[in-house]
Amino acid sequence: MRLSTLTLLAAWSTAAIAGTDFSVDAETGLATWQAESGAIQVRLTQISPDQARGFYQARGFSPAAAERYAAECIFMTVVRNIGETPIQHRLADWRYEPAGQPPRTIRSKVEWERIWKRQDVNEVARIAFNWAQFPATQTFAPGDWNQGMTTYSVPRNGQFDLRFVWRAGGKTHSGKLEQVRCANETS
């Protein structure tokens, strides 16, 4: 039994590596990673620190608060149901794994809210922030999609793998994006 499990895991890891598409936007230099697994498609596109600073300062964040966010590894995250039945996701079930480190949870909107309150970010700016983040939970009908920002505590140009999880037909499924890299300061 153990040998077949190891063989299955080895085959699955190879498929996961082969299943991650990578591209770089010629104009911006920002990279995108995308994977399809079962009924789900997940895409991460780098957001540069300057983009993050500008976006949040334009929504009422102070330069210091915008810098706090821009210090994270930020991605525009898109999830699409490419199957024929509804799927459900909970961001709390997703894990990212920086090279050589144990898996971590993605910082939730609730955690960010605590940070913003400590930094005296006004309520209007906090609402704008909340709306721009990827939803914590969502059910996607076939063909549905959504997008929003997710952050990872990984240094500039740092690398991680992302294990995404969803439910469909009463079962839990997962897929993986591998060798995702954070944007540089100059990207």
# chains A, B, ... in the order shown; residues from 1 in each chain; ligands from 1

$ select_by_dssp --residues "chain A" --states "strand (DSSP E)" --output "VMD selection string"
chain A and resid 20 to 24 31 to 37 40 to 47 73 to 81 87 to 90 95 to 98 104 to 105 137 to 140 145 to 152 159 to 168 171 to 181

$ residues_around --residues "stretch 66-73 of chain A" --least-positions-apart "2" --cutoff "12 Å" --atoms "only C-alpha atoms" --output "compact mmCIF listing (two decimals) with N, CA, C and O atoms, in the first residue's frame"
# COMPACT_ATOMS: atom_id res chain seq x y z
N LEU A 44 -2.34 33.18 -10.93
CA LEU A 44 -1.70 34.22 -10.12
C LEU A 44 -0.87 35.09 -11.04
O LEU A 44 -0.04 34.59 -11.79
N THR A 45 -1.09 36.41 -10.98
CA THR A 45 -0.30 37.37 -11.73
C THR A 45 0.35 38.34 -10.75
O THR A 45 -0.34 38.89 -9.88
N GLN A 46 1.64 38.51 -10.87
CA GLN A 46 2.37 39.41 -9.98
C GLN A 46 1.78 40.82 -10.01
O GLN A 46 1.39 41.31 -11.06
N ILE A 47 1.76 41.43 -8.84
CA ILE A 47 1.47 42.86 -8.71
C ILE A 47 2.75 43.49 -8.17
O ILE A 47 3.27 43.05 -7.14
N SER A 48 3.26 44.48 -8.87
CA SER A 48 4.51 45.09 -8.42
C SER A 48 4.28 45.94 -7.18
O SER A 48 3.17 46.41 -6.93
N PRO A 49 5.32 46.16 -6.38
CA PRO A 49 5.20 47.02 -5.21
C PRO A 49 4.68 48.42 -5.57
O PRO A 49 3.84 48.96 -4.86
N ASP A 50 5.16 48.98 -6.69
CA ASP A 50 4.68 50.31 -7.09
C ASP A 50 3.19 50.29 -7.43
O ASP A 50 2.46 51.23 -7.11
N GLN A 51 2.73 49.24 -8.09
CA GLN A 51 1.30 49.13 -8.39
C GLN A 51 0.49 49.10 -7.09
O GLN A 51 -0.54 49.76 -6.99
N ALA A 52 0.95 48.32 -6.12
CA ALA A 52 0.24 48.21 -4.84
C ALA A 52 0.23 49.55 -4.11
O ALA A 52 -0.82 49.97 -3.60
N ARG A 53 1.38 50.21 -4.06
CA ARG A 53 1.44 51.52 -3.39
C ARG A 53 0.46 52.50 -4.03
O ARG A 53 -0.33 53.15 -3.34
N GLY A 54 0.53 52.61 -5.35
CA GLY A 54 -0.33 53.55 -6.06
C GLY A 54 -1.81 53.23 -5.90
O GLY A 54 -2.63 54.13 -5.67
N PHE A 55 -2.16 51.96 -6.00
CA PHE A 55 -3.55 51.54 -5.89
C PHE A 55 -4.12 51.94 -4.54
O PHE A 55 -5.21 52.52 -4.46
N TYR A 56 -3.39 51.65 -3.45
CA TYR A 56 -3.95 51.91 -2.13
C TYR A 56 -3.82 53.37 -1.69
O TYR A 56 -4.69 53.88 -1.00
N GLN A 57 -2.79 54.07 -2.13
CA GLN A 57 -2.73 55.49 -1.82
C GLN A 57 -3.87 56.23 -2.51
O GLN A 57 -4.44 57.17 -1.96
N ALA A 58 -4.25 55.79 -3.71
CA ALA A 58 -5.37 56.40 -4.43
C ALA A 58 -6.70 56.11 -3.74
O ALA A 58 -7.70 56.77 -4.03
N ARG A 59 -6.73 55.16 -2.82
CA ARG A 59 -7.95 54.81 -2.10
C ARG A 59 -7.92 55.29 -0.66
O ARG A 59 -8.71 54.84 0.16
N GLY A 60 -6.97 56.16 -0.32
CA GLY A 60 -6.98 56.79 0.99
C GLY A 60 -5.99 56.24 2.00
O GLY A 60 -5.98 56.68 3.15
N PHE A 61 -5.14 55.30 1.60
CA PHE A 61 -4.13 54.79 2.52
C PHE A 61 -3.01 55.83 2.64
O PHE A 61 -2.64 56.46 1.64
N SER A 62 -2.45 55.94 3.82
CA SER A 62 -1.27 56.79 3.98
C SER A 62 -0.10 56.11 3.28
O SER A 62 -0.14 54.90 3.04
N PRO A 63 0.95 56.86 2.95
CA PRO A 63 2.13 56.22 2.34
C PRO A 63 2.67 55.08 3.21
O PRO A 63 3.07 54.04 2.67
N ALA A 64 2.67 55.24 4.53
CA ALA A 64 3.19 54.19 5.42
C ALA A 64 2.32 52.93 5.37
O ALA A 64 2.84 51.80 5.32
N PHE A 75 -0.33 39.17 -5.42
CA PHE A 75 -0.78 38.63 -6.71
C PHE A 75 -2.23 38.95 -6.95
O PHE A 75 -3.04 38.96 -6.02
N MET A 76 -2.55 39.21 -8.22
CA MET A 76 -3.95 39.20 -8.65
C MET A 76 -4.29 37.73 -8.83
O MET A 76 -3.61 37.01 -9.58
N TYR A 96 0.45 28.00 1.17
CA TYR A 96 1.61 28.28 0.34
C TYR A 96 2.85 27.84 1.10
O TYR A 96 2.87 27.82 2.33
N PRO A 98 6.86 28.46 1.08
CA PRO A 98 8.12 29.04 0.61
C PRO A 98 9.20 27.96 0.59
O PRO A 98 9.16 27.01 1.39
N ILE A 106 -2.77 31.71 4.04
CA ILE A 106 -2.81 33.04 3.43
C ILE A 106 -3.42 34.00 4.44
O ILE A 106 -4.42 33.67 5.09
N ARG A 107 -2.84 35.18 4.58
CA ARG A 107 -3.36 36.17 5.52
C ARG A 107 -4.80 36.53 5.15
O ARG A 107 -5.09 36.90 4.02
N TRP A 112 -5.85 41.34 8.08
CA TRP A 112 -5.51 42.64 7.50
C TRP A 112 -6.29 43.76 8.19
O TRP A 112 -5.75 44.83 8.45
N GLU A 113 -7.55 43.53 8.49
CA GLU A 113 -8.37 44.55 9.16
C GLU A 113 -7.74 44.97 10.49
O GLU A 113 -7.70 46.16 10.82
N ILE A 115 -4.56 44.84 11.26
CA ILE A 115 -3.36 45.62 10.93
C ILE A 115 -3.75 47.05 10.57
O ILE A 115 -3.15 48.02 11.05
N TRP A 116 -4.77 47.19 9.72
CA TRP A 116 -5.18 48.53 9.27
C TRP A 116 -5.74 49.37 10.40
O TRP A 116 -5.50 50.58 10.46
N ARG A 118 -4.81 49.15 13.55
CA ARG A 118 -3.63 49.57 14.34
C ARG A 118 -2.90 50.71 13.66
O ARG A 118 -2.27 51.54 14.33
N GLN A 119 -2.93 50.76 12.33
CA GLN A 119 -2.25 51.83 11.60
C GLN A 119 -3.18 53.02 11.32
O GLN A 119 -2.83 53.90 10.56
N VAL A 121 -5.85 53.31 9.55
CA VAL A 121 -6.36 53.46 8.19
C VAL A 121 -7.87 53.74 8.32
O VAL A 121 -8.58 53.03 9.03
N ALA A 125 -11.10 53.68 3.33
CA ALA A 125 -9.95 53.00 2.72
C ALA A 125 -9.98 51.51 3.05
O ALA A 125 -9.65 50.67 2.20
N ARG A 126 -10.38 51.17 4.28
CA ARG A 126 -10.46 49.75 4.67
C ARG A 126 -11.53 49.02 3.86
O ARG A 126 -11.35 47.86 3.49
N PHE A 129 -10.10 48.38 0.49
CA PHE A 129 -9.15 47.27 0.60
C PHE A 129 -9.89 45.94 0.60
O PHE A 129 -9.55 45.02 -0.14
N GLN A 133 -9.68 42.47 -2.22
CA GLN A 133 -9.06 41.20 -1.89
C GLN A 133 -9.88 40.04 -2.45
O GLN A 133 -11.09 40.15 -2.65
N MET A 149 -7.02 40.32 -4.90
CA MET A 149 -5.62 40.22 -4.50
C MET A 149 -5.45 39.22 -3.36
O MET A 149 -6.30 39.10 -2.49
N THR A 150 -4.32 38.51 -3.39
CA THR A 150 -3.87 37.67 -2.28
C THR A 150 -2.43 38.04 -1.98
O THR A 150 -1.70 38.48 -2.87
N THR A 151 -2.04 37.87 -0.72
CA THR A 151 -0.67 38.22 -0.31
C THR A 151 0.00 37.04 0.37
O THR A 151 -0.64 36.21 1.00
N TYR A 152 1.32 37.03 0.23
CA TYR A 152 2.14 35.95 0.76
C TYR A 152 3.35 36.58 1.44
O TYR A 152 3.97 37.48 0.86
N SER A 153 3.68 36.12 2.62
CA SER A 153 4.83 36.66 3.34
C SER A 153 6.11 36.00 2.84
O SER A 153 6.65 35.08 3.48
N VAL A 154 6.54 36.45 1.69
CA VAL A 154 7.73 35.94 1.02
C VAL A 154 8.53 37.15 0.54
O VAL A 154 7.94 38.12 0.07
N PRO A 155 9.84 37.13 0.67
CA PRO A 155 10.63 38.30 0.25
C PRO A 155 10.59 38.54 -1.26
O PRO A 155 10.25 37.65 -2.03
N ARG A 156 10.95 39.75 -1.65
CA ARG A 156 11.05 40.11 -3.07
C ARG A 156 11.83 39.06 -3.81
O ARG A 156 12.88 38.59 -3.35
N ASN A 157 11.32 38.65 -4.96
CA ASN A 157 11.93 37.64 -5.81
C ASN A 157 11.97 36.26 -5.16
O ASN A 157 12.56 35.34 -5.69
N GLY A 158 11.33 36.12 -3.97
CA GLY A 158 11.24 34.81 -3.31
C GLY A 158 10.29 33.90 -4.05
O GLY A 158 9.46 34.33 -4.85
N GLN A 159 10.40 32.62 -3.78
CA GLN A 159 9.64 31.61 -4.51
C GLN A 159 8.82 30.78 -3.55
O GLN A 159 9.21 30.55 -2.41
N PHE A 160 7.65 30.30 -4.02
CA PHE A 160 6.81 29.41 -3.22
C PHE A 160 5.95 28.56 -4.14
O PHE A 160 5.80 28.84 -5.32
N VAL A 180 6.15 29.61 -8.03
CA VAL A 180 5.63 30.97 -8.16
C VAL A 180 6.66 31.92 -7.55
O VAL A 180 7.22 31.64 -6.49
N ARG A 181 6.92 33.02 -8.21
CA ARG A 181 7.97 33.96 -7.74
C ARG A 181 7.37 35.34 -7.51
O ARG A 181 6.60 35.84 -8.32
N CYS A 182 7.77 35.94 -6.40
CA CYS A 182 7.32 37.30 -6.07
C CYS A 182 7.98 38.30 -7.00
O CYS A 182 9.09 38.11 -7.46
N ALA A 183 7.27 39.41 -7.24
CA ALA A 183 7.79 40.46 -8.08
C ALA A 183 8.98 41.13 -7.38
O ALA A 183 9.02 41.24 -6.15
N ASN A 184 9.92 41.60 -8.18
CA ASN A 184 11.02 42.42 -7.67
C ASN A 184 10.51 43.82 -7.39
O ASN A 184 9.45 44.21 -7.88
N GLU A 185 11.28 44.60 -6.69
CA GLU A 185 10.94 46.00 -6.44
C GLU A 185 10.81 46.76 -7.76
O GLU A 185 9.99 47.65 -7.90

$ closest_residue --among "A:Gln88, A:Ile40, A:Val79, A:Trp33" --to "A:Gly169" --atoms "only C-alpha atoms"
A:Gln88

$ atom_distance --atom1 "atom CA of A:Arg163" --atom2 "atom CA of A:Ala128"
27.4 Å

$ closest_residue --among "A:Arg95, A:His173, A:Lys109, A:Arg167" --to "A:Phe140" --atoms "only C-alpha atoms"
A:Arg167

$ select_by_dssp --residues "stretch 7-167 of chain A" --states "alpha helix (DSSP H)" --output "PyMOL selection string"
chain A and resi 7-18+49-57+63-70+109-118+123-132

$ residues_around --residues "A:Gln138" --least-positions-apart "6" --cutoff "10 Å" --atoms "only C-alpha atoms" --output "list in words"
Ile87, Gln88, His89, Arg90, Leu91, Trp145, Asn146 and Trp166 of chain A

$ write_last_selection --atoms "N, CA and C atoms" --output "short mmCIF file (atom, residue, chain, number, x, y, z; two decimals), in the first residue's frame"
data_model
loop_
_atom_site.label_atom_id
_atom_site.label_comp_id
_atom_site.auth_asym_id
_atom_site.auth_seq_id
_atom_site.Cartn_x
_atom_site.Cartn_y
_atom_site.Cartn_z
N ILE A 87 -18.61 24.51 -7.70
CA ILE A 87 -17.47 24.26 -6.83
C ILE A 87 -17.47 25.32 -5.73
N GLN A 88 -16.95 24.95 -4.57
CA GLN A 88 -16.84 25.87 -3.45
C GLN A 88 -15.38 25.98 -3.05
N HIS A 89 -14.98 27.19 -2.70
CA HIS A 89 -13.62 27.38 -2.21
C HIS A 89 -13.66 28.11 -0.88
N ARG A 90 -12.66 27.83 -0.06
CA ARG A 90 -12.40 28.56 1.19
C ARG A 90 -10.92 28.89 1.17
N LEU A 91 -10.60 30.16 1.12
CA LEU A 91 -9.21 30.58 1.07
C LEU A 91 -8.45 30.07 2.30
N TRP A 145 -16.44 33.01 -12.46
CA TRP A 145 -15.07 33.32 -12.08
C TRP A 145 -15.08 34.55 -11.19
N ASN A 146 -13.98 34.77 -10.50
CA ASN A 146 -13.81 35.97 -9.70
C ASN A 146 -12.32 36.25 -9.57
N TRP A 166 -10.54 23.03 -3.22
CA TRP A 166 -11.95 23.33 -3.47
C TRP A 166 -12.77 22.07 -3.24
#

$ atom_distance --atom1 "atom CA of A:Ser37" --atom2 "atom CA of A:Asn130"
27.8 Å

$ closest_residue --among "A:Ser174, A:Ala39, A:Glu27, A:Gly19" --to "A:Pro86" --atoms "only C-alpha atoms"
A:Ala39

$ residues_around --residues "A:Ala35" --least-positions-apart "2" --cutoff "8 Å" --atoms "only C-alpha atoms" --output "ChimeraX atom specification"
/A:19-21,33,37,41-43,175-177

$ closest_residue --among "A:Asn81, A:Thr186, A:Gln179, A:Ser23" --to "A:Gly38" --atoms "only C-alpha atoms"
A:Asn81

$ decode --residues "stretch 169-184 of chain A" --atoms "all heavy atoms" --output "CSV table (one decimal), in the first residue's frame"
chain,number,residue,atom,x,y,z
A,169,GLY,N,-19.1,18.2,-5.6
A,169,GLY,CA,-19.7,16.9,-5.5
A,169,GLY,C,-19.5,16.2,-4.2
A,169,GLY,O,-19.4,15.0,-4.1
A,170,GLY,N,-19.4,17.0,-3.1
A,170,GLY,CA,-19.2,16.4,-1.8
A,170,GLY,C,-17.8,16.0,-1.5
A,170,GLY,O,-17.6,15.4,-0.4
A,171,LYS,N,-16.9,16.2,-2.4
A,171,LYS,CA,-15.5,15.8,-2.2
A,171,LYS,C,-14.6,17.0,-2.2
A,171,LYS,O,-14.8,17.9,-2.9
A,171,LYS,CB,-15.1,14.8,-3.3
A,171,LYS,CG,-15.9,13.5,-3.3
A,171,LYS,CD,-15.4,12.6,-4.4
A,171,LYS,CE,-16.2,11.3,-4.4
A,171,LYS,NZ,-15.9,10.4,-5.5
A,172,THR,N,-13.4,16.8,-1.5
A,172,THR,CA,-12.4,17.8,-1.4
A,172,THR,C,-11.4,17.5,-2.5
A,172,THR,O,-10.9,16.3,-2.6
A,172,THR,CB,-11.8,17.9,-0.1
A,172,THR,OG1,-12.8,18.2,0.9
A,172,THR,CG2,-10.7,19.0,0.0
A,173,HIS,N,-11.0,18.5,-3.3
A,173,HIS,CA,-10.0,18.4,-4.3
A,173,HIS,C,-8.9,19.4,-4.1
A,173,HIS,O,-9.1,20.4,-3.4
A,173,HIS,CB,-10.6,18.6,-5.7
A,173,HIS,CG,-11.8,17.8,-5.9
A,173,HIS,ND1,-11.8,16.5,-6.5
A,173,HIS,CD2,-13.1,18.0,-5.7
A,173,HIS,CE1,-13.0,16.0,-6.6
A,173,HIS,NE2,-13.8,16.9,-6.1
A,174,SER,N,-7.7,19.2,-4.7
A,174,SER,CA,-6.6,20.2,-4.6
A,174,SER,C,-5.8,20.1,-5.9
A,174,SER,O,-5.8,19.1,-6.6
A,174,SER,CB,-5.8,19.9,-3.4
A,174,SER,OG,-5.0,18.8,-3.5
A,175,GLY,N,-5.1,21.2,-6.1
A,175,GLY,CA,-4.2,21.4,-7.2
A,175,GLY,C,-3.0,22.2,-6.7
A,175,GLY,O,-3.0,22.7,-5.6
A,176,LYS,N,-2.0,22.4,-7.6
A,176,LYS,CA,-0.8,23.1,-7.1
A,176,LYS,C,-0.3,24.0,-8.2
A,176,LYS,O,-0.2,23.6,-9.4
A,176,LYS,CB,0.2,22.0,-6.7
A,176,LYS,CG,1.4,22.6,-5.9
A,176,LYS,CD,2.2,21.4,-5.5
A,176,LYS,CE,3.3,21.8,-4.5
A,176,LYS,NZ,4.1,20.7,-4.0
A,177,LEU,N,0.1,25.1,-7.8
A,177,LEU,CA,1.0,26.0,-8.7
A,177,LEU,C,2.4,25.9,-8.1
A,177,LEU,O,2.5,26.1,-6.9
A,177,LEU,CB,0.5,27.5,-8.6
A,177,LEU,CG,-0.8,27.8,-9.4
A,177,LEU,CD1,-1.3,29.2,-9.0
A,177,LEU,CD2,-0.6,27.7,-10.9
A,178,GLU,N,3.3,25.7,-9.0
A,178,GLU,CA,4.7,25.5,-8.5
A,178,GLU,C,5.6,26.6,-9.0
A,178,GLU,O,5.4,27.1,-10.1
A,178,GLU,CB,5.2,24.1,-8.9
A,178,GLU,CG,4.4,23.0,-8.2
A,178,GLU,CD,5.0,21.6,-8.4
A,178,GLU,OE1,5.5,21.3,-9.5
A,178,GLU,OE2,4.9,20.9,-7.4
A,179,GLN,N,6.6,26.9,-8.1
A,179,GLN,CA,7.7,27.8,-8.4
A,179,GLN,C,7.2,29.2,-8.8
A,179,GLN,O,7.6,29.8,-9.7
A,179,GLN,CB,8.6,27.2,-9.5
A,179,GLN,CG,9.2,25.9,-9.1
A,179,GLN,CD,10.0,25.3,-10.2
A,179,GLN,OE1,10.2,25.8,-11.3
A,179,GLN,NE2,10.6,24.1,-9.9
A,180,VAL,N,6.2,29.6,-8.0
A,180,VAL,CA,5.6,31.0,-8.2
A,180,VAL,C,6.7,31.9,-7.6
A,180,VAL,O,7.2,31.6,-6.5
A,180,VAL,CB,4.3,31.1,-7.5
A,180,VAL,CG1,3.8,32.5,-7.5
A,180,VAL,CG2,3.3,30.1,-8.0
A,181,ARG,N,6.9,33.0,-8.2
A,181,ARG,CA,8.0,34.0,-7.7
A,181,ARG,C,7.4,35.3,-7.5
A,181,ARG,O,6.6,35.8,-8.3
A,181,ARG,CB,9.1,34.0,-8.8
A,181,ARG,CG,10.3,34.8,-8.3
A,181,ARG,CD,11.5,34.7,-9.2
A,181,ARG,NE,12.0,33.3,-9.3
A,181,ARG,CZ,12.8,32.8,-8.4
A,181,ARG,NH1,13.1,33.4,-7.3
A,181,ARG,NH2,13.3,31.6,-8.5
A,182,CYS,N,7.8,35.9,-6.4
A,182,CYS,CA,7.3,37.3,-6.1
A,182,CYS,C,8.0,38.3,-7.0
A,182,CYS,O,9.1,38.1,-7.5
A,182,CYS,CB,7.7,37.6,-4.6
A,182,CYS,SG,6.9,36.5,-3.5
A,183,ALA,N,7.3,39.4,-7.2
A,183,ALA,CA,7.8,40.5,-8.1
A,183,ALA,C,9.0,41.1,-7.4
A,183,ALA,O,9.0,41.2,-6.1
A,183,ALA,CB,6.7,41.5,-8.4
A,184,ASN,N,9.9,41.6,-8.2
A,184,ASN,CA,11.0,42.4,-7.7
A,184,ASN,C,10.5,43.8,-7.4
A,184,ASN,O,9.5,44.2,-7.9
A,184,ASN,CB,12.2,42.5,-8.7
A,184,ASN,CG,12.9,41.2,-8.8
A,184,ASN,OD1,13.2,40.6,-7.8
A,184,ASN,ND2,13.3,40.9,-10.0
